[in-house]
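Structure data (PDB, C-alpha atoms, pLDDT in the B column) from run-v9.pdb:
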ATOM      1  CA  MET A  59       0.000   0.000   0.000  1.00 42.00           C
ATOM      2  CA  SER A  60       1.118   3.527  -0.685  1.00 41.00           C
ATOM      3  CA  THR A  61       0.305   6.782   1.048  1.00 42.00           C
ATOM      4  CA  ILE A  62      -0.850   9.608  -1.154  1.00 44.00           C
ATOM      5  CA  VAL A  63      -1.151  13.259  -0.182  1.00 42.00           C
ATOM      6  CA  ARG A  64      -4.459  14.788  -1.206  1.00 44.00           C
ATOM      7  CA  SER A  65      -4.537  18.031  -3.113  1.00 45.00           C
ATOM      8  CA  PRO A  66      -5.079  21.102  -0.895  1.00 42.00           C
ATOM      9  CA  ASP A  67      -8.555  21.803  -2.256  1.00 44.00           C
ATOM     10  CA  GLN A  68      -9.933  18.448  -1.116  1.00 47.00           C
ATOM     11  CA  SER A  69     -11.419  18.187   2.332  1.00 45.00           C
ATOM     12  CA  GLY A  70     -10.773  15.356   4.756  1.00 51.00           C
ATOM     13  CA  ALA A  71      -7.581  13.775   5.990  1.00 49.00           C
ATOM     14  CA  LYS A  72      -4.275  14.918   4.522  1.00 53.00           C
ATOM     15  CA  ASN A  73      -3.180  11.334   3.804  1.00 56.00           C
ATOM     16  CA  PHE A  74      -5.089   8.251   2.802  1.00 50.00           C
ATOM     17  CA  VAL A  75      -4.072   4.692   2.009  1.00 55.00           C
ATOM     18  CA  THR A  76      -4.760   2.985  -1.299  1.00 58.00           C
ATOM     19  CA  ASN A  77      -3.802  -0.268  -2.982  1.00 66.00           C
ATOM     20  CA  GLU A  78      -3.707   1.353  -6.411  1.00 72.00           C
ATOM     21  CA  LEU A  79      -0.767   3.156  -7.921  1.00 84.00           C
ATOM     22  CA  ARG A  80      -1.867   6.543  -9.255  1.00 88.00           C
ATOM     23  CA  TYR A  81      -0.099   8.375 -12.044  1.00 90.00           C
ATOM     24  CA  SER A  82      -0.108  12.150 -12.423  1.00 92.00           C
ATOM     25  CA  VAL A  83      -0.963  12.951 -16.025  1.00 92.00           C
ATOM     26  CA  MET A  84      -2.175  15.853 -18.136  1.00 93.00           C
ATOM     27  CA  VAL A  85      -4.395  14.170 -20.721  1.00 93.00           C
ATOM     28  CA  LYS A  86      -7.626  15.126 -22.458  1.00 95.00           C
ATOM     29  CA  GLY A  87     -10.626  12.829 -22.361  1.00 94.00           C
ATOM     30  CA  SER A  88     -14.412  12.949 -22.693  1.00 95.00           C
ATOM     31  CA  LEU A  89     -17.299  12.115 -20.374  1.00 96.00           C
ATOM     32  CA  PHE A  90     -20.558  10.832 -21.857  1.00 95.00           C
ATOM     33  CA  ASN A  91     -23.868  10.374 -20.005  1.00 93.00           C
ATOM     34  CA  ASP A  92     -27.576  11.205 -20.386  1.00 92.00           C
ATOM     35  CA  ASP A  93     -26.935  14.882 -19.592  1.00 89.00           C
ATOM     36  CA  PHE A  94     -23.980  15.152 -22.018  1.00 91.00           C
ATOM     37  CA  PRO A  95     -24.604  12.723 -24.924  1.00 92.00           C
ATOM     38  CA  GLU A  96     -22.285  14.777 -27.163  1.00 94.00           C
ATOM     39  CA  GLY A  97     -19.498  14.483 -24.594  1.00 93.00           C
ATOM     40  CA  LEU A  98     -18.083  16.760 -21.922  1.00 94.00           C
ATOM     41  CA  PRO A  99     -14.363  17.551 -22.241  1.00 94.00           C
ATOM     42  CA  LEU A 100     -12.159  16.422 -19.346  1.00 94.00           C
ATOM     43  CA  ARG A 101      -8.596  17.267 -18.387  1.00 96.00           C
ATOM     44  CA  ILE A 102      -7.416  14.167 -16.549  1.00 95.00           C
ATOM     45  CA  VAL A 103      -4.932  14.996 -13.786  1.00 96.00           C
ATOM     46  CA  ASN A 104      -4.420  11.544 -12.273  1.00 95.00           C
ATOM     47  CA  ILE A 105      -5.347   8.009 -13.219  1.00 94.00           C
ATOM     48  CA  SER A 106      -5.139   4.512 -11.772  1.00 94.00           C
ATOM     49  CA  GLU A 107      -6.455   1.112 -12.843  1.00 93.00           C
ATOM     50  CA  GLY A 108      -9.661   1.770 -10.921  1.00 94.00           C
ATOM     51  CA  GLY A 109     -10.453   5.413 -11.614  1.00 95.00           C
ATOM     52  CA  LEU A 110      -9.385   8.956 -12.357  1.00 96.00           C
ATOM     53  CA  MET A 111      -9.586  12.538 -11.198  1.00 96.00           C
ATOM     54  CA  ALA A 112     -10.267  15.226 -13.782  1.00 96.00           C
ATOM     55  CA  VAL A 113     -10.981  18.917 -14.181  1.00 96.00           C
ATOM     56  CA  ILE A 114     -14.362  19.588 -15.826  1.00 94.00           C
ATOM     57  CA  PRO A 115     -16.156  22.726 -17.027  1.00 92.00           C
ATOM     58  CA  TYR A 116     -19.533  21.724 -15.472  1.00 85.00           C
ATOM     59  CA  GLY A 117     -20.586  19.651 -12.481  1.00 85.00           C
ATOM     60  CA  VAL A 118     -22.200  16.249 -12.920  1.00 90.00           C
ATOM     61  CA  ARG A 119     -24.436  14.204 -10.647  1.00 92.00           C
ATOM     62  CA  VAL A 120     -22.640  12.034  -8.092  1.00 93.00           C
ATOM     63  CA  TYR A 121     -23.261   8.266  -8.500  1.00 94.00           C
ATOM     64  CA  SER A 122     -24.472   8.753 -12.086  1.00 94.00           C
ATOM     65  CA  ALA A 123     -23.397   6.220 -14.699  1.00 96.00           C
ATOM     66  CA  VAL A 124     -20.957   7.615 -17.266  1.00 96.00           C
ATOM     67  CA  SER A 125     -18.763   6.463 -20.109  1.00 97.00           C
ATOM     68  CA  ILE A 126     -15.238   7.868 -20.307  1.00 96.00           C
ATOM     69  CA  GLY A 127     -13.398   8.296 -23.594  1.00 94.00           C
ATOM     70  CA  LEU A 128      -9.650   7.755 -23.078  1.00 89.00           C
ATOM     71  CA  ARG A 129      -6.840   7.607 -25.619  1.00 84.00           C
ATOM     72  CA  ASN A 130      -5.723   4.136 -26.750  1.00 84.00           C
ATOM     73  CA  LEU A 131      -8.738   2.486 -25.052  1.00 87.00           C
ATOM     74  CA  PRO A 132     -12.342   1.736 -25.977  1.00 91.00           C
ATOM     75  CA  PRO A 133     -14.955   3.700 -23.963  1.00 93.00           C
ATOM     76  CA  VAL A 134     -14.740   2.830 -20.260  1.00 95.00           C
ATOM     77  CA  GLU A 135     -17.956   2.385 -18.256  1.00 97.00           C
ATOM     78  CA  ALA A 136     -17.803   4.064 -14.841  1.00 97.00           C
ATOM     79  CA  HIS A 137     -19.714   6.037 -12.216  1.00 96.00           C
ATOM     80  CA  VAL A 138     -19.118   9.414 -10.629  1.00 95.00           C
ATOM     81  CA  ALA A 139     -17.678   8.927  -7.130  1.00 95.00           C
ATOM     82  CA  TRP A 140     -17.536  12.625  -6.169  1.00 95.00           C
ATOM     83  CA  CYS A 141     -17.785  16.085  -7.698  1.00 93.00           C
ATOM     84  CA  ARG A 142     -16.473  19.391  -6.296  1.00 92.00           C
ATOM     85  CA  THR A 143     -16.736  22.697  -8.194  1.00 87.00           C
ATOM     86  CA  ASP A 144     -14.434  22.023 -11.163  1.00 92.00           C
ATOM     87  CA  ARG A 145     -13.108  18.543 -10.256  1.00 95.00           C
ATOM     88  CA  ILE A 146     -14.577  15.096 -10.534  1.00 95.00           C
ATOM     89  CA  GLY A 147     -13.644  11.651  -9.240  1.00 96.00           C
ATOM     90  CA  VAL A 148     -14.646   8.701 -11.415  1.00 96.00           C
ATOM     91  CA  ALA A 149     -14.536   5.019 -10.437  1.00 96.00           C
ATOM     92  CA  PHE A 150     -14.279   2.564 -13.339  1.00 96.00           C
ATOM     93  CA  ASP A 151     -16.674  -0.405 -13.325  1.00 96.00           C
ATOM     94  CA  GLU A 152     -13.754  -2.655 -14.338  1.00 94.00           C
ATOM     95  CA  LYS A 153     -10.019  -2.058 -14.047  1.00 94.00           C
ATOM     96  CA  ILE A 154      -8.280  -0.673 -17.119  1.00 92.00           C
ATOM     97  CA  ASP A 155      -4.927  -1.662 -18.602  1.00 90.00           C
ATOM     98  CA  LEU A 156      -2.631   1.292 -17.923  1.00 90.00           C
ATOM     99  CA  ASP A 157      -0.002  -0.126 -20.296  1.00 89.00           C
ATOM    100  CA  LEU A 158      -2.468   0.337 -23.161  1.00 88.00           C
ATOM    101  CA  PHE A 159      -3.494   3.772 -21.890  1.00 88.00           C
ATOM    102  CA  PHE A 160       0.125   4.955 -21.847  1.00 88.00           C
ATOM    103  CA  GLY A 161       0.806   3.349 -25.243  1.00 87.00           C
ATOM    104  CA  ARG A 162       3.158   0.712 -23.855  1.00 82.00           C
ATOM    105  CA  THR A 163       2.956  -2.840 -25.135  1.00 69.00           C
ATOM    106  CA  SER A 164       1.783  -5.211 -22.432  1.00 55.00           C
ATOM    107  CA  SER A 165       3.804  -8.399 -21.891  1.00 53.00           C
ATOM    108  CA  SER A 166       1.013 -10.562 -23.338  1.00 55.00           C
ATOM    109  CA  MET A 167       1.109  -8.551 -26.597  1.00 52.00           C
ATOM    110  CA  LYS A 168       4.861  -8.715 -27.229  1.00 52.00           C
ATOM    111  CA  SER A 169       5.520 -10.627 -30.405  1.00 51.00           C
ATOM    112  CA  GLU A 170       9.014  -9.399 -31.236  1.00 49.00           C
ATOM    113  CA  PRO A 171      11.858  -7.778 -29.334  1.00 49.00           C
ATOM    114  CA  LEU A 172      11.835  -3.987 -29.045  1.00 44.00           C
ATOM    115  CA  ILE A 173      15.510  -3.762 -30.030  1.00 50.00           C
ATOM    116  CA  ARG A 174      16.756  -5.572 -33.116  1.00 51.00           C
ATOM    117  CA  LYS A 175      20.256  -5.933 -34.417  1.00 52.00           C
ATOM    118  CA  LEU A 176      20.906  -3.867 -37.511  1.00 59.00           C
ATOM    119  CA  ASN A 177      22.449  -5.598 -40.540  1.00 59.00           C
ATOM    120  CA  GLY A 178      22.618  -8.919 -38.995  1.00 53.00           C
TER     121      GLY A 178
END
For the structure just supplied, provide its representation as C-alpha coordinates.
Amino acid sequence: MSTIVRSPDQSGAKNFVTNELRYSVMVKGSLFNDDFPEGLPLRIVNISEGGLMAVIPYGVRVYSAVSIGLRNLPPVEAHVAWCRTDRIGVAFDEKIDLDLFFGRTSSSMKSEPLIRKLNG
(Lines of atoms letter the chains of each structure in order from A and count residues from 1; the text may use other names and numbers.)
(Lines give C-alpha, C1' and ligand atoms only; values in the text may rest on other atoms or scores of the structure.)
Protein backbone atom coordinates (compact mmCIF):
# COMPACT_ATOMS: atom_id res chain seq x y z
CA MET A 1 0.00 0.00 0.00
CA SER A 2 1.12 3.53 -0.68
CA THR A 3 0.30 6.78 1.05
CA ILE A 4 -0.85 9.61 -1.15
CA VAL A 5 -1.15 13.26 -0.18
CA ARG A 6 -4.46 14.79 -1.21
CA SER A 7 -4.54 18.03 -3.11
CA PRO A 8 -5.08 21.10 -0.89
CA ASP A 9 -8.55 21.80 -2.26
CA GLN A 10 -9.93 18.45 -1.12
CA SER A 11 -11.42 18.19 2.33
CA GLY A 12 -10.77 15.36 4.76
CA ALA A 13 -7.58 13.78 5.99
CA LYS A 14 -4.27 14.92 4.52
CA ASN A 15 -3.18 11.33 3.80
CA PHE A 16 -5.09 8.25 2.80
CA VAL A 17 -4.07 4.69 2.01
CA THR A 18 -4.76 2.98 -1.30
CA ASN A 19 -3.80 -0.27 -2.98
CA GLU A 20 -3.71 1.35 -6.41
CA LEU A 21 -0.77 3.16 -7.92
CA ARG A 22 -1.87 6.54 -9.25
CA TYR A 23 -0.10 8.38 -12.04
CA SER A 24 -0.11 12.15 -12.42
CA VAL A 25 -0.96 12.95 -16.03
CA MET A 26 -2.17 15.85 -18.14
CA VAL A 27 -4.40 14.17 -20.72
CA LYS A 28 -7.63 15.13 -22.46
CA GLY A 29 -10.63 12.83 -22.36
CA SER A 30 -14.41 12.95 -22.69
CA LEU A 31 -17.30 12.11 -20.37
CA PHE A 32 -20.56 10.83 -21.86
CA ASN A 33 -23.87 10.37 -20.01
CA ASP A 34 -27.58 11.21 -20.39
CA ASP A 35 -26.94 14.88 -19.59
CA PHE A 36 -23.98 15.15 -22.02
CA PRO A 37 -24.60 12.72 -24.92
CA GLU A 38 -22.28 14.78 -27.16
CA GLY A 39 -19.50 14.48 -24.59
CA LEU A 40 -18.08 16.76 -21.92
CA PRO A 41 -14.36 17.55 -22.24
CA LEU A 42 -12.16 16.42 -19.35
CA ARG A 43 -8.60 17.27 -18.39
CA ILE A 44 -7.42 14.17 -16.55
CA VAL A 45 -4.93 15.00 -13.79
CA ASN A 46 -4.42 11.54 -12.27
CA ILE A 47 -5.35 8.01 -13.22
CA SER A 48 -5.14 4.51 -11.77
CA GLU A 49 -6.45 1.11 -12.84
CA GLY A 50 -9.66 1.77 -10.92
CA GLY A 51 -10.45 5.41 -11.61
CA LEU A 52 -9.38 8.96 -12.36
CA MET A 53 -9.59 12.54 -11.20
CA ALA A 54 -10.27 15.23 -13.78
CA VAL A 55 -10.98 18.92 -14.18
CA ILE A 56 -14.36 19.59 -15.83
CA PRO A 57 -16.16 22.73 -17.03
CA TYR A 58 -19.53 21.72 -15.47
CA GLY A 59 -20.59 19.65 -12.48
CA VAL A 60 -22.20 16.25 -12.92
CA ARG A 61 -24.44 14.20 -10.65
CA VAL A 62 -22.64 12.03 -8.09
CA TYR A 63 -23.26 8.27 -8.50
CA SER A 64 -24.47 8.75 -12.09
CA ALA A 65 -23.40 6.22 -14.70
CA VAL A 66 -20.96 7.61 -17.27
CA SER A 67 -18.76 6.46 -20.11
CA ILE A 68 -15.24 7.87 -20.31
CA GLY A 69 -13.40 8.30 -23.59
CA LEU A 70 -9.65 7.75 -23.08
CA ARG A 71 -6.84 7.61 -25.62
CA ASN A 72 -5.72 4.14 -26.75
CA LEU A 73 -8.74 2.49 -25.05
CA PRO A 74 -12.34 1.74 -25.98
CA PRO A 75 -14.95 3.70 -23.96
CA VAL A 76 -14.74 2.83 -20.26
CA GLU A 77 -17.96 2.39 -18.26
CA ALA A 78 -17.80 4.06 -14.84
CA HIS A 79 -19.71 6.04 -12.22
CA VAL A 80 -19.12 9.41 -10.63
CA ALA A 81 -17.68 8.93 -7.13
CA TRP A 82 -17.54 12.62 -6.17
CA CYS A 83 -17.78 16.09 -7.70
CA ARG A 84 -16.47 19.39 -6.30
CA THR A 85 -16.74 22.70 -8.19
CA ASP A 86 -14.43 22.02 -11.16
CA ARG A 87 -13.11 18.54 -10.26
CA ILE A 88 -14.58 15.10 -10.53
CA GLY A 89 -13.64 11.65 -9.24
CA VAL A 90 -14.65 8.70 -11.42
CA ALA A 91 -14.54 5.02 -10.44
CA PHE A 92 -14.28 2.56 -13.34
CA ASP A 93 -16.67 -0.41 -13.33
CA GLU A 94 -13.75 -2.66 -14.34
CA LYS A 95 -10.02 -2.06 -14.05
CA ILE A 96 -8.28 -0.67 -17.12
CA ASP A 97 -4.93 -1.66 -18.60
CA LEU A 98 -2.63 1.29 -17.92
CA ASP A 99 0.00 -0.13 -20.30
CA LEU A 100 -2.47 0.34 -23.16
CA PHE A 101 -3.49 3.77 -21.89
CA PHE A 102 0.13 4.96 -21.85
CA GLY A 103 0.81 3.35 -25.24
CA ARG A 104 3.16 0.71 -23.86
CA THR A 105 2.96 -2.84 -25.13
CA SER A 106 1.78 -5.21 -22.43
CA SER A 107 3.80 -8.40 -21.89
CA SER A 108 1.01 -10.56 -23.34
CA MET A 109 1.11 -8.55 -26.60
CA LYS A 110 4.86 -8.71 -27.23
CA SER A 111 5.52 -10.63 -30.40
CA GLU A 112 9.01 -9.40 -31.24
CA PRO A 113 11.86 -7.78 -29.33
CA LEU A 114 11.83 -3.99 -29.04
CA ILE A 115 15.51 -3.76 -30.03
CA ARG A 116 16.76 -5.57 -33.12
CA LYS A 117 20.26 -5.93 -34.42
CA LEU A 118 20.91 -3.87 -37.51
CA ASN A 119 22.45 -5.60 -40.54
CA GLY A 120 22.62 -8.92 -38.99
Expand the PyMOL selection byres ((chain A and resi 102-104) around 12) into the individual residues it matches in the shown file, reporting them as a ChimeraX atom specification.
/A:62,64-65,78-89,99-101,105-114,126-129,144-148,156
Step by step, work through what the PyMOL selection byres ((chain A and resi 122) around 6) selects in the shown file, and finish by giving those residues as a list in words.
Arg119, Val120, Tyr121, Ala123, His137 and Val138 of chain A
What does the structure give for the distance between atom CA of A:Asp92 and atom CA of A:Gly161, in Å to one decimal?
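Separation of atom CA of A:Asp92 and atom CA of A:Gly161: 29.8 Å.
Atom CA of A:Tyr116 sits 8.3 Å away from atom CA of A:Leu98.
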Mind pulling up the distance from atom CA of A:Asp93 to atom CA of A:Ile154?
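Result for atom CA of A:Ile154 versus atom CA of A:Asp93: 24.4 Å, one decimal.
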Could you give me the centre and size, in Å to one decimal, of an axis-aligned box around all listed atoms of stretch 133-144 of chain A with 6 Å added on every side, as AutoDock Vina command-line options?
--center_x -17.1 --center_y 12.5 --center_z -15.1 --size_x 17.3 --size_y 32.3 --size_z 29.8
Excluding A:Glu135 and any residue of its chain fewer than 6 positions from it, enumerate the residues within 7 Å of it, using all atoms listed in the file, and give them as a list in words.
Val124, Ser125, Ile126, Phe150 and Asp151 of chain A
Using only C-alpha atoms, which of A:Leu131, A:Val118, A:Ala136, A:Cys141 sits nearest A:Leu158?
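Ranked by minimum distance to A:Leu158, first place goes to A:Leu131.
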